[in-house]
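Participant: What follows is a structure written as structure tokens; I'll ask about it next.
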Amino acid sequence: MNKFVVQNLNFYYGKFRALSGVTLTIPDRQITALIGPSGCGKSTFLRCLNRMNDTISGTRVEGKVLLEGQDIYERRVNVTDLRRRVGMVFQRPNPFPQSVYDNVAFGPRALGTVRKSQLDDIVEESLRGAGLWEEVKDHLNQDALSFSLGQQQRLCIARAIAVKPEVILMDEPCSALDPIETLQIEELMQKLKVNYCIVIVTHSMQQAARVSEWTGFFWLGELVEFDSTAKIFTNPSQPLTENYITGRAG
Amino acid sequence: MGTRFIVQRVGFVMLSLIALAVVVPILVIVGVIVVRGIGAISWEFLTTMPHDGMKAGGILPTIVGTLVLTFGTAVAAIPVGVGGAIYLSEYARDTLFTRAIRLAIVNLAGIPSVVYGLFGLGLFVLFLHFGTSILAGSLTLAIMTLPVIISTSEEALRAVPTEYRTVIASLGGTRWQGIHYIVLPQALPGIITGVILGLLRAAGETAPILFTVSAFFLPRLPHSPFDRTMALPYHLYVISTQVPGMPHEIQYGTALVLLALVLSMNLVATLIRGYFRRRRPW
């Protein structure tokens with residue numbers, strides 16, 4: 001089952017073409033990793049999947065991004081609802097300066113859930129889903145910023161899954177974390193992929209190799225190769241990919 | 001001892017003297033007013049009407065007048081000012097139109113207060129037929145206060161990290177929900193400080209109320225928004241320059257009350273800001 005089908009996607013920041021002719025298919029309930037050097041367009045591509053680039057002025061998109069067959073760049077698409085379906089976790093843990101509870105409850109409240117008992121359930125379920133419940137269940141009213149960065153990042157994941165998205169986009173979610181915290185996030189991703197389509201941008205090739213089923217290699221705004229992770233890391237078909245993963249380029 | 005240490009010494013002494021030169025006049029002003037005015041302060045002075053051509057009795061109507069005017073200013077200026085700031089910071093794109101608005105706000109802040117007074121006289125008192133009234137005075141003061149409220153509130157809103165707005169969008173929240181639940185609460189201390197500073201200026205102004213609301217001598221409390229009223233700053237001007245043979249103690253006592261009123265509002269603003277700042281992450 002495919003979640004996203006991207007056809008011939010071009011993306012421009014003003015006159016600069018950041019993505020050219022990207023075509024790929026992202027499967028549901030698996031992890032797809034995007035690798036490549038800084039500035040190669042992988043984060044830009046990720047942000048095309050929930051139209052977060054719309055918030056930057058002077059940008060332009062060409063081509064198609066189909067989410068379950070529906071082009072998300074069509075005029076009648078409700079962007080707010082699209083972003084509810086396609087959640088996002090950012091590079092730096094960025095909980096709101098509020099309590100743990102309020103952080104997780106923000107999304108459901110914004111969507112209209114007001115009953116305390118319902119919110120309590122969603123908060124617990126989401127924190128359990130993010131593997132954080134046991135650590136914070138007695139501190140739900142404590143300021144989110146008083147927790148460790150790894151806990152904050154898992155809180156951000158809990159906050160994202162609280163609105164019951166179908167996809168979770170992760171933009172270098174571990175680059176601010178230490179190795180143990182990174183491992184916790186990676187283990188969490190394995191649990192989450194049972195229910196969600198996950199797309200992760202990462203600078204760490206080891207991380208891509210460890211966590212993902214599919215890997216895409218970006219270079220200068222183009223998708224050089226997209227294949228199963230096993231194939232990319234053992235027998236890539238493009239010389240550029242091989243040079244990059246073996247450390248001879250990039 | 002090397003030259004660089006002497007330079008350091010001399011520089012330090014000079015900066016201390018400059019700091020002293022700033023602080024001393026304030027202390028002297030406050031000191032003189034307190035020493036010479038404290039004798040006039042009594043329960044009777046604060047709670048009774050003036051009589052004998054204002055040379056005796058209290059200043060109650062002027063205190064009430066100033067409080068009522070400040071309240072009216074707040075009611076008119078806060079929603080418009082904070083609303084305008086939200087628009088400029090959160091919704092408006094950077095166009096020629098919004099640049100013109102910003103330019104207008106900056107310039108409004110520099111207009112002498114007597115010009116606001118004349119504007120209020122023309123618009124509210126005469127053209128809109130509000131007459132010389134609390135309504136006209138409050139609205140005039142509100143217009144004078146708006147630039148301060150708008151620019152400080154906008155600054156406070158902009159200080160909230162953009163990241164939060166991005167996260168809110170990524171959670172499927174609307175822009176207004178983000179403002180309501182995250183941005184506005186975070187900006188609140190800055191906004192409150194700006195509002196109080198603006199209102200402080202309004203409370204102490206004489207010129208804008210001169211033509212729009214102030215009564216020279218009206219020894220009763222106002223009945224309605226269309227009533228005139230006495231007010232502290234204008235009263236101070238009157239008893240200092242317009243009434244021959246005014247006892248100095250009453251003049252200084254009135255100044256002391258005005259000073260105390262304004263300083264206590266300032267103190268409240270500082271406390272509120274301090275309270276919220278402790279809970280702010282950046």
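Going by the structure tokens order, chains are called A, B, ..., each with residues numbered from 1, while ligands are numbered from 1 in the order shown.
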Give me the residues within 8 Å of Arg83 (chain A) as a PyMOL selection string, counting only C-alpha atoms and dropping any in the same chain fewer than 5 places off.

Facilitator: (chain A and resi 50-51) or (chain B and resi 169-172)

Participant: Take the residues that were just selected and, keeping C-alpha atoms, output them as a PDB file, in the first residue's frame.

Facilitator:
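What ended up in part-v6.pdb:
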ATOM      1  CA  ASN A  50       2.747  18.529   4.342  1.00  0.00           C
ATOM      2  CA  ARG A  51       3.053  21.845   2.555  1.00  0.00           C
TER       3      ARG A  51
ATOM      4  CA  ALA B 169       0.764  24.751  11.718  1.00  0.00           C
ATOM      5  CA  SER B 170       2.295  21.252  11.651  1.00  0.00           C
ATOM      6  CA  LEU B 171      -0.266  20.092  14.234  1.00  0.00           C
ATOM      7  CA  GLY B 172      -3.156  21.230  12.099  1.00  0.00           C
TER       8      GLY B 172
END

Participant: Would you tabulate, counting only C-alpha atoms, all residues of chain B that have an atom at most 9 Å from an atom of chain A, showing the closest pair of atoms and their distance in Å to one decimal, sorted by chain then ascending number, as JSON lines?

Facilitator:
{"residue": "B:Glu163", "atom": "CA", "partner": "A:Asn94", "partner_atom": "CA", "distance": 7.6}
{"residue": "B:Tyr164", "atom": "CA", "partner": "A:Phe96", "partner_atom": "CA", "distance": 6.9}
{"residue": "B:Thr166", "atom": "CA", "partner": "A:Met52", "partner_atom": "CA", "distance": 7.9}
{"residue": "B:Val167", "atom": "CA", "partner": "A:Asn94", "partner_atom": "CA", "distance": 8.0}
{"residue": "B:Ile168", "atom": "CA", "partner": "A:Gly107", "partner_atom": "CA", "distance": 8.0}
{"residue": "B:Ala169", "atom": "CA", "partner": "A:Thr80", "partner_atom": "CA", "distance": 7.0}
{"residue": "B:Ser170", "atom": "CA", "partner": "A:Arg83", "partner_atom": "CA", "distance": 5.4}
{"residue": "B:Leu171", "atom": "CA", "partner": "A:Arg84", "partner_atom": "CA", "distance": 5.4}
{"residue": "B:Gly172", "atom": "CA", "partner": "A:Arg84", "partner_atom": "CA", "distance": 4.2}
{"residue": "B:Gly173", "atom": "CA", "partner": "A:Ala110", "partner_atom": "CA", "distance": 5.7}
{"residue": "B:Thr174", "atom": "CA", "partner": "A:Thr80", "partner_atom": "CA", "distance": 6.6}
{"residue": "B:Gln177", "atom": "CA", "partner": "A:Ala110", "partner_atom": "CA", "distance": 6.5}
{"residue": "B:Gly178", "atom": "CA", "partner": "A:Ala110", "partner_atom": "CA", "distance": 8.7}
{"residue": "B:Tyr181", "atom": "CA", "partner": "A:Phe106", "partner_atom": "CA", "distance": 8.2}
{"residue": "B:Ile182", "atom": "CA", "partner": "A:Phe96", "partner_atom": "CA", "distance": 7.5}
{"residue": "B:Gln186", "atom": "CA", "partner": "A:Pro97", "partner_atom": "CA", "distance": 8.4}
{"residue": "B:Arg279", "atom": "CA", "partner": "A:Pro97", "partner_atom": "CA", "distance": 8.3}
{"residue": "B:Arg280", "atom": "CA", "partner": "A:Pro97", "partner_atom": "CA", "distance": 7.2}
{"residue": "B:Pro281", "atom": "CA", "partner": "A:Pro97", "partner_atom": "CA", "distance": 6.5}

Participant: Could you save those same residues with C-alpha atoms as a CSV table (one decimal), in the first residue's frame?

Facilitator:
chain,number,residue,atom,x,y,z
B,163,GLU,CA,9.2,28.0,15.7
B,164,TYR,CA,6.0,27.8,17.8
B,166,THR,CA,5.5,26.4,12.6
B,167,VAL,CA,4.8,23.7,15.1
B,168,ILE,CA,1.2,24.9,15.5
B,169,ALA,CA,0.8,24.8,11.7
B,170,SER,CA,2.3,21.3,11.7
B,171,LEU,CA,-0.3,20.1,14.2
B,172,GLY,CA,-3.2,21.2,12.1
B,173,GLY,CA,-3.9,24.3,14.3
B,174,THR,CA,-5.2,27.4,12.6
B,177,GLN,CA,-5.6,29.0,17.5
B,178,GLY,CA,-1.9,29.4,17.7
B,181,TYR,CA,-3.3,29.4,22.9
B,182,ILE,CA,0.5,29.9,22.5
B,186,GLN,CA,3.7,34.1,25.8
B,279,ARG,CA,7.9,31.5,33.7
B,280,ARG,CA,9.3,32.4,30.2
B,281,PRO,CA,11.8,30.1,28.6

Participant: Can you pull out the residues contacting Glu124 (chain A)? Cut-off 12 Å, using only C-alpha atoms, and skip same-chain residues under 2 positions away; I want them as a VMD selection string.

Facilitator: chain A and resid 100 to 102 104 to 105 117 to 122 126 to 138 140 155 158 to 159 161 to 162

Participant: Just want the 9 Å neighbourhood of region 36-45 of chain A, counted on only C-alpha atoms, with same-chain residues fewer than 6 positions away dropped. Output as a PDB file with C-alpha atoms, in the first residue's frame.

Facilitator:
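The result, written out as selection08.pdb:
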ATOM      1  CA  LEU A   9       8.256  17.423  -8.325  1.00  0.00           C
ATOM      2  CA  PHE A  11      10.536  23.227  -6.111  1.00  0.00           C
ATOM      3  CA  ALA A  18      15.907  23.360  -4.964  1.00  0.00           C
ATOM      4  CA  LEU A  19      14.300  20.169  -6.302  1.00  0.00           C
ATOM      5  CA  VAL A  22      11.735  14.128  -7.999  1.00  0.00           C
ATOM      6  CA  ASN A  53       6.966  25.278   2.587  1.00  0.00           C
ATOM      7  CA  ASP A 171      13.456  16.188  10.043  1.00  0.00           C
ATOM      8  CA  GLU A 172      16.761  15.031  11.579  1.00  0.00           C
ATOM      9  CA  VAL A 201      15.558  12.917   6.934  1.00  0.00           C
ATOM     10  CA  THR A 202      18.903  12.051   8.485  1.00  0.00           C
ATOM     11  CA  HIS A 203      22.544  13.003   8.168  1.00  0.00           C
ATOM     12  CA  MET A 205      23.896   6.945   7.121  1.00  0.00           C
ATOM     13  CA  GLY A 216      16.356   7.802  -1.063  1.00  0.00           C
ATOM     14  CA  PHE A 217      19.637   9.513  -1.879  1.00  0.00           C
ATOM     15  CA  PHE A 218      19.437  13.212  -2.789  1.00  0.00           C
ATOM     16  CA  TRP A 219      22.217  15.111  -4.533  1.00  0.00           C
ATOM     17  CA  LEU A 220      21.980  18.743  -5.669  1.00  0.00           C
ATOM     18  CA  GLY A 221      18.194  18.769  -5.664  1.00  0.00           C
ATOM     19  CA  GLU A 222      17.790  15.511  -7.526  1.00  0.00           C
ATOM     20  CA  LEU A 223      16.790  12.103  -6.270  1.00  0.00           C
ATOM     21  CA  TYR A 244      28.527   8.913  -0.989  1.00  0.00           C
ATOM     22  CA  GLY A 250      29.847  14.554  -0.055  1.00  0.00           C
TER      23      GLY A 250
END

Participant: Enumerate, as JSON, numbers by chain, the complete set of residues in region 2-103 of chain B that a backbone-based DSSP assignment places in alpha helix (DSSP H).

Facilitator: {"B": [3, 4, 5, 6, 7, 8, 9, 10, 11, 12, 13, 14, 15, 16, 17, 18, 19, 20, 21, 22, 23, 24, 25, 26, 27, 28, 29, 30, 31, 32, 33, 34, 35, 36, 37, 43, 44, 45, 46, 47, 60, 61, 62, 63, 64, 65, 66, 67, 68, 69, 70, 71, 72, 73, 74, 75, 76, 77, 78, 79, 80, 81, 82, 83, 84, 85, 86, 96, 97, 98, 99, 100, 101, 102, 103]}

Participant: Taking into account only C-alpha atoms, which residue in the set B:Thr254, B:Thr3, B:Ser214, B:Ser133 is nearest to Ala40 (chain B)?

Facilitator: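 Result for the nearest residue to Ala40 (chain B): B:Thr254.
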
Participant: Need to verify the contact set: Val238 (chain B), 10 Å, only C-alpha atoms, exclusion of same-chain residues closer than 6 positions in sequence. Can you return it as a VMD selection string?

Facilitator: chain B and resid 54 216 to 217 232 251

Participant: Would you save the residues of that selection, restricted to C-alpha atoms, as a compact mmCIF listing (two decimals), in the first residue's frame?

Facilitator:
# COMPACT_ATOMS: atom_id res chain seq x y z
CA MET B 54 -9.95 75.28 45.98
CA PHE B 216 -11.70 74.16 36.11
CA PHE B 217 -13.74 73.75 39.26
CA LEU B 232 -5.29 65.64 38.69
CA GLN B 251 0.04 72.36 45.44

Participant: Identify all residues of region 17-155 of chain A in strand (DSSP E or B) (DSSP on the backbone) and supply them as a PyMOL selection string.

Facilitator: chain A and resi 17-27+31-35+59-67+70-71+86-89+99+143

Participant: Store the residues of this selection in a file with N, CA and C atoms, as a CSV table (one decimal), in the first residue's frame.

Facilitator:
chain,number,residue,atom,x,y,z
A,17,ARG,N,16.3,26.7,-8.0
A,17,ARG,CA,15.6,25.4,-8.1
A,17,ARG,C,16.2,24.5,-7.1
A,18,ALA,N,15.4,24.2,-6.1
A,18,ALA,CA,15.9,23.4,-5.0
A,18,ALA,C,15.6,21.9,-5.2
A,19,LEU,N,14.6,21.6,-6.0
A,19,LEU,CA,14.3,20.2,-6.3
A,19,LEU,C,14.0,20.1,-7.8
A,20,SER,N,14.5,19.1,-8.5
A,20,SER,CA,14.2,18.9,-9.9
A,20,SER,C,13.8,17.5,-10.2
A,21,GLY,N,12.6,17.4,-10.7
A,21,GLY,CA,12.1,16.1,-11.2
A,21,GLY,C,12.1,15.0,-10.2
A,22,VAL,N,11.7,15.2,-9.0
A,22,VAL,CA,11.7,14.1,-8.0
A,22,VAL,C,10.5,13.2,-8.2
A,23,THR,N,10.7,12.0,-8.4
A,23,THR,CA,9.6,11.0,-8.5
A,23,THR,C,9.9,9.8,-7.6
A,24,LEU,N,9.0,9.5,-6.7
A,24,LEU,CA,9.2,8.4,-5.9
A,24,LEU,C,7.8,8.0,-5.2
A,25,THR,N,7.8,6.8,-4.7
A,25,THR,CA,6.7,6.3,-4.0
A,25,THR,C,7.0,5.9,-2.6
A,26,ILE,N,6.2,6.4,-1.6
A,26,ILE,CA,6.5,6.2,-0.2
A,26,ILE,C,5.5,5.2,0.3
A,27,PRO,N,5.9,4.0,0.8
A,27,PRO,CA,4.9,3.0,1.3
A,27,PRO,C,4.4,3.4,2.7
A,31,ILE,N,9.3,2.6,7.2
A,31,ILE,CA,10.1,3.8,7.4
A,31,ILE,C,10.9,4.1,6.1
A,32,THR,N,10.8,5.3,5.6
A,32,THR,CA,11.6,5.7,4.4
A,32,THR,C,12.6,6.7,4.9
A,33,ALA,N,13.9,6.5,4.6
A,33,ALA,CA,14.9,7.5,5.0
A,33,ALA,C,15.4,8.2,3.8
A,34,LEU,N,15.6,9.5,4.0
A,34,LEU,CA,16.2,10.4,3.0
A,34,LEU,C,17.6,10.8,3.4
A,35,ILE,N,18.6,10.5,2.6
A,35,ILE,CA,19.9,10.9,3.0
A,35,ILE,C,20.5,11.8,1.9
A,59,THR,N,8.1,30.9,-2.7
A,59,THR,CA,8.4,29.6,-3.1
A,59,THR,C,7.4,29.1,-4.1
A,60,ARG,N,7.7,28.1,-4.9
A,60,ARG,CA,6.8,27.6,-6.0
A,60,ARG,C,7.0,26.1,-6.1
A,61,VAL,N,5.9,25.5,-6.4
A,61,VAL,CA,5.9,24.0,-6.6
A,61,VAL,C,5.4,23.6,-7.9
A,62,GLU,N,6.0,22.7,-8.6
A,62,GLU,CA,5.5,22.1,-9.8
A,62,GLU,C,5.5,20.6,-9.6
A,63,GLY,N,4.6,19.9,-10.3
A,63,GLY,CA,4.5,18.5,-10.2
A,63,GLY,C,3.4,18.1,-9.3
A,64,LYS,N,3.3,16.8,-9.0
A,64,LYS,CA,2.2,16.3,-8.2
A,64,LYS,C,2.7,15.5,-6.9
A,65,VAL,N,2.0,15.7,-5.8
A,65,VAL,CA,2.2,15.0,-4.6
A,65,VAL,C,0.9,14.3,-4.3
A,66,LEU,N,0.8,13.0,-4.5
A,66,LEU,CA,-0.5,12.4,-4.2
A,66,LEU,C,-0.5,11.7,-2.9
A,67,LEU,N,-1.4,12.1,-2.0
A,67,LEU,CA,-1.6,11.4,-0.7
A,67,LEU,C,-2.8,10.6,-0.8
A,70,GLN,N,-4.9,11.6,-3.8
A,70,GLN,CA,-5.4,12.9,-3.8
A,70,GLN,C,-4.2,13.9,-3.9
A,71,ASP,N,-4.2,14.8,-4.9
A,71,ASP,CA,-3.1,15.7,-5.1
A,71,ASP,C,-3.2,16.8,-4.0
A,86,VAL,N,-0.7,14.7,8.2
A,86,VAL,CA,0.7,14.5,8.0
A,86,VAL,C,1.5,15.3,9.0
A,87,GLY,N,1.8,14.7,10.2
A,87,GLY,CA,2.4,15.4,11.3
A,87,GLY,C,3.9,15.5,11.1
A,88,MET,N,4.6,16.3,12.0
A,88,MET,CA,6.0,16.6,11.7
A,88,MET,C,6.7,16.7,13.1
A,89,VAL,N,7.9,16.2,13.1
A,89,VAL,CA,8.8,16.3,14.2
A,89,VAL,C,10.1,17.0,13.7
A,99,SER,N,2.9,23.0,30.3
A,99,SER,CA,3.0,21.7,31.0
A,99,SER,C,3.1,20.5,29.9
A,143,ASP,N,6.5,21.8,33.8
A,143,ASP,CA,6.9,22.5,32.6
A,143,ASP,C,7.7,21.5,31.7

Participant: Quick one: residues within 7 Å of region 61-73 of chain B, only C-alpha atoms, excluding same-chain residues fewer than 2 positions away - as a PDB file with C-alpha atoms, in the first residue's frame?

Facilitator:
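Final output, selection-v8.pdb:
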ATOM      1  CA  MET B  49     -14.553  68.092  47.766  1.00  0.00           C
ATOM      2  CA  ILE B  59      -9.136  66.823  45.898  1.00  0.00           C
ATOM      3  CA  VAL B  75     -11.398  50.416  27.535  1.00  0.00           C
ATOM      4  CA  ALA B  76     -10.992  52.236  24.235  1.00  0.00           C
ATOM      5  CA  ALA B  77      -7.290  51.749  23.588  1.00  0.00           C
ATOM      6  CA  ILE B 134     -15.341  62.116  29.845  1.00  0.00           C
ATOM      7  CA  SER B 138     -11.006  59.266  27.136  1.00  0.00           C
ATOM      8  CA  LEU B 139     -11.103  58.798  23.376  1.00  0.00           C
ATOM      9  CA  LEU B 141      -6.250  60.050  25.438  1.00  0.00           C
ATOM     10  CA  ALA B 142      -6.815  56.636  23.855  1.00  0.00           C
ATOM     11  CA  LEU B 199      -1.924  54.408  30.323  1.00  0.00           C
ATOM     12  CA  ALA B 202      -2.356  59.189  29.561  1.00  0.00           C
ATOM     13  CA  ALA B 203      -2.990  59.544  33.302  1.00  0.00           C
ATOM     14  CA  PRO B 219     -16.811  70.029  43.205  1.00  0.00           C
ATOM     15  CA  ARG B 220     -18.850  66.894  42.577  1.00  0.00           C
ATOM     16  CA  LEU B 221     -18.289  63.467  41.113  1.00  0.00           C
ATOM     17  CA  THR B 229     -14.813  66.172  35.390  1.00  0.00           C
ATOM     18  CA  MET B 230     -11.811  67.576  37.162  1.00  0.00           C
ATOM     19  CA  ALA B 231      -8.544  65.685  36.739  1.00  0.00           C
ATOM     20  CA  LEU B 232      -5.290  65.641  38.687  1.00  0.00           C
ATOM     21  CA  HIS B 235      -5.975  70.620  38.535  1.00  0.00           C
TER      22      HIS B 235
END

Participant: So that I can check the surroundings of Cys174 (chain A), please list as a VMD selection string every protein, DNA and RNA residue that reaches within 9 Å of it, counting only C-alpha atoms and ignoring chain neighbours fewer than 2 positions away.

Facilitator: chain A and resid 91 to 92 150 153 171 to 172 176 to 179 181 to 183 185 to 186 202

Participant: Take the residues from that selection and write them out as a CSV table (one decimal), in the first residue's frame, keeping N, CA and C atoms.

Facilitator:
chain,number,residue,atom,x,y,z
A,91,GLN,N,13.9,19.2,14.0
A,91,GLN,CA,15.3,18.9,14.4
A,91,GLN,C,15.6,19.2,15.8
A,92,ARG,N,15.2,20.4,16.3
A,92,ARG,CA,15.4,20.7,17.7
A,92,ARG,C,14.2,20.4,18.4
A,150,GLY,N,16.1,14.5,25.1
A,150,GLY,CA,15.6,13.3,24.6
A,150,GLY,C,14.1,13.1,25.0
A,153,GLN,N,12.0,15.6,23.0
A,153,GLN,CA,11.8,15.1,21.6
A,153,GLN,C,10.7,14.1,21.6
A,171,ASP,N,12.4,15.4,10.7
A,171,ASP,CA,13.5,16.2,10.0
A,171,ASP,C,14.7,16.2,11.0
A,172,GLU,N,15.6,15.2,10.7
A,172,GLU,CA,16.8,15.0,11.6
A,172,GLU,C,16.4,15.0,13.1
A,176,ALA,N,20.0,16.7,17.8
A,176,ALA,CA,20.3,17.4,19.0
A,176,ALA,C,20.5,16.5,20.2
A,177,LEU,N,20.4,15.2,19.9
A,177,LEU,CA,20.4,14.2,21.1
A,177,LEU,C,21.7,13.4,21.2
A,178,ASP,N,21.9,12.9,22.4
A,178,ASP,CA,23.0,12.0,22.6
A,178,ASP,C,22.7,10.6,22.1
A,179,PRO,N,23.7,9.7,22.1
A,179,PRO,CA,23.5,8.4,21.5
A,179,PRO,C,22.5,7.5,22.2
A,181,GLU,N,19.8,8.7,23.9
A,181,GLU,CA,18.5,9.3,23.5
A,181,GLU,C,18.2,8.9,22.0
A,182,THR,N,19.2,8.9,21.2
A,182,THR,CA,19.0,8.6,19.8
A,182,THR,C,18.4,7.2,19.6
A,183,LEU,N,19.1,6.3,20.4
A,183,LEU,CA,18.6,4.9,20.4
A,183,LEU,C,17.2,4.8,20.8
A,185,ILE,N,14.8,7.0,20.5
A,185,ILE,CA,14.0,7.5,19.4
A,185,ILE,C,13.9,6.4,18.3
A,186,GLU,N,15.0,5.8,18.0
A,186,GLU,CA,15.0,4.8,16.9
A,186,GLU,C,14.1,3.6,17.3
A,202,THR,N,17.8,12.2,7.5
A,202,THR,CA,18.9,12.1,8.5
A,202,THR,C,20.3,12.3,7.8

Participant: Work out how far CA of Gly194 (chain B) is from CA of Val30 (chain B), in Å to one decimal.

Facilitator: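 Interatomic distance, CA of Val30 (chain B) to CA of Gly194 (chain B): 23.9 Å.
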
Participant: Which is closer to Leu60 (chain B) than all the others in B:Pro222, B:Gly122, B:Pro185, B:Gly274, using only C-alpha atoms?

Facilitator: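 Of the candidates, the smallest distance to Leu60 (chain B) is held by B:Pro222.
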
Participant: From the list B:Gly190, B:Pro25, B:Pro112, B:Gly131, which residue is nearest Thr152 (chain B) when using only C-alpha atoms?

Facilitator: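 The answer is B:Gly190, which sits nearest to Thr152 (chain B).
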
Participant: Which distance in Å separates CA of Thr246 (chain A) and CA of Thr234 (chain A), to one decimal?

Facilitator: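 For CA of Thr246 (chain A) relative to CA of Thr234 (chain A), the distance reads 10.2 Å.
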
Participant: How many Å separate CA of Asp28 (chain A) from CA of Cys197 (chain A)?

Facilitator: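 Separation of CA of Asp28 (chain A) and CA of Cys197 (chain A): 4.5 Å.
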
Participant: Name the closest residue to Ile150 (chain B) among the candidates B:Thr162, B:Thr95, B:Ser16, B:Ser89; distances are taken between atoms, counting only C-alpha atoms.

Facilitator: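 Residue with the minimum atom-to-atom distance to Ile150 (chain B): B:Ser89.
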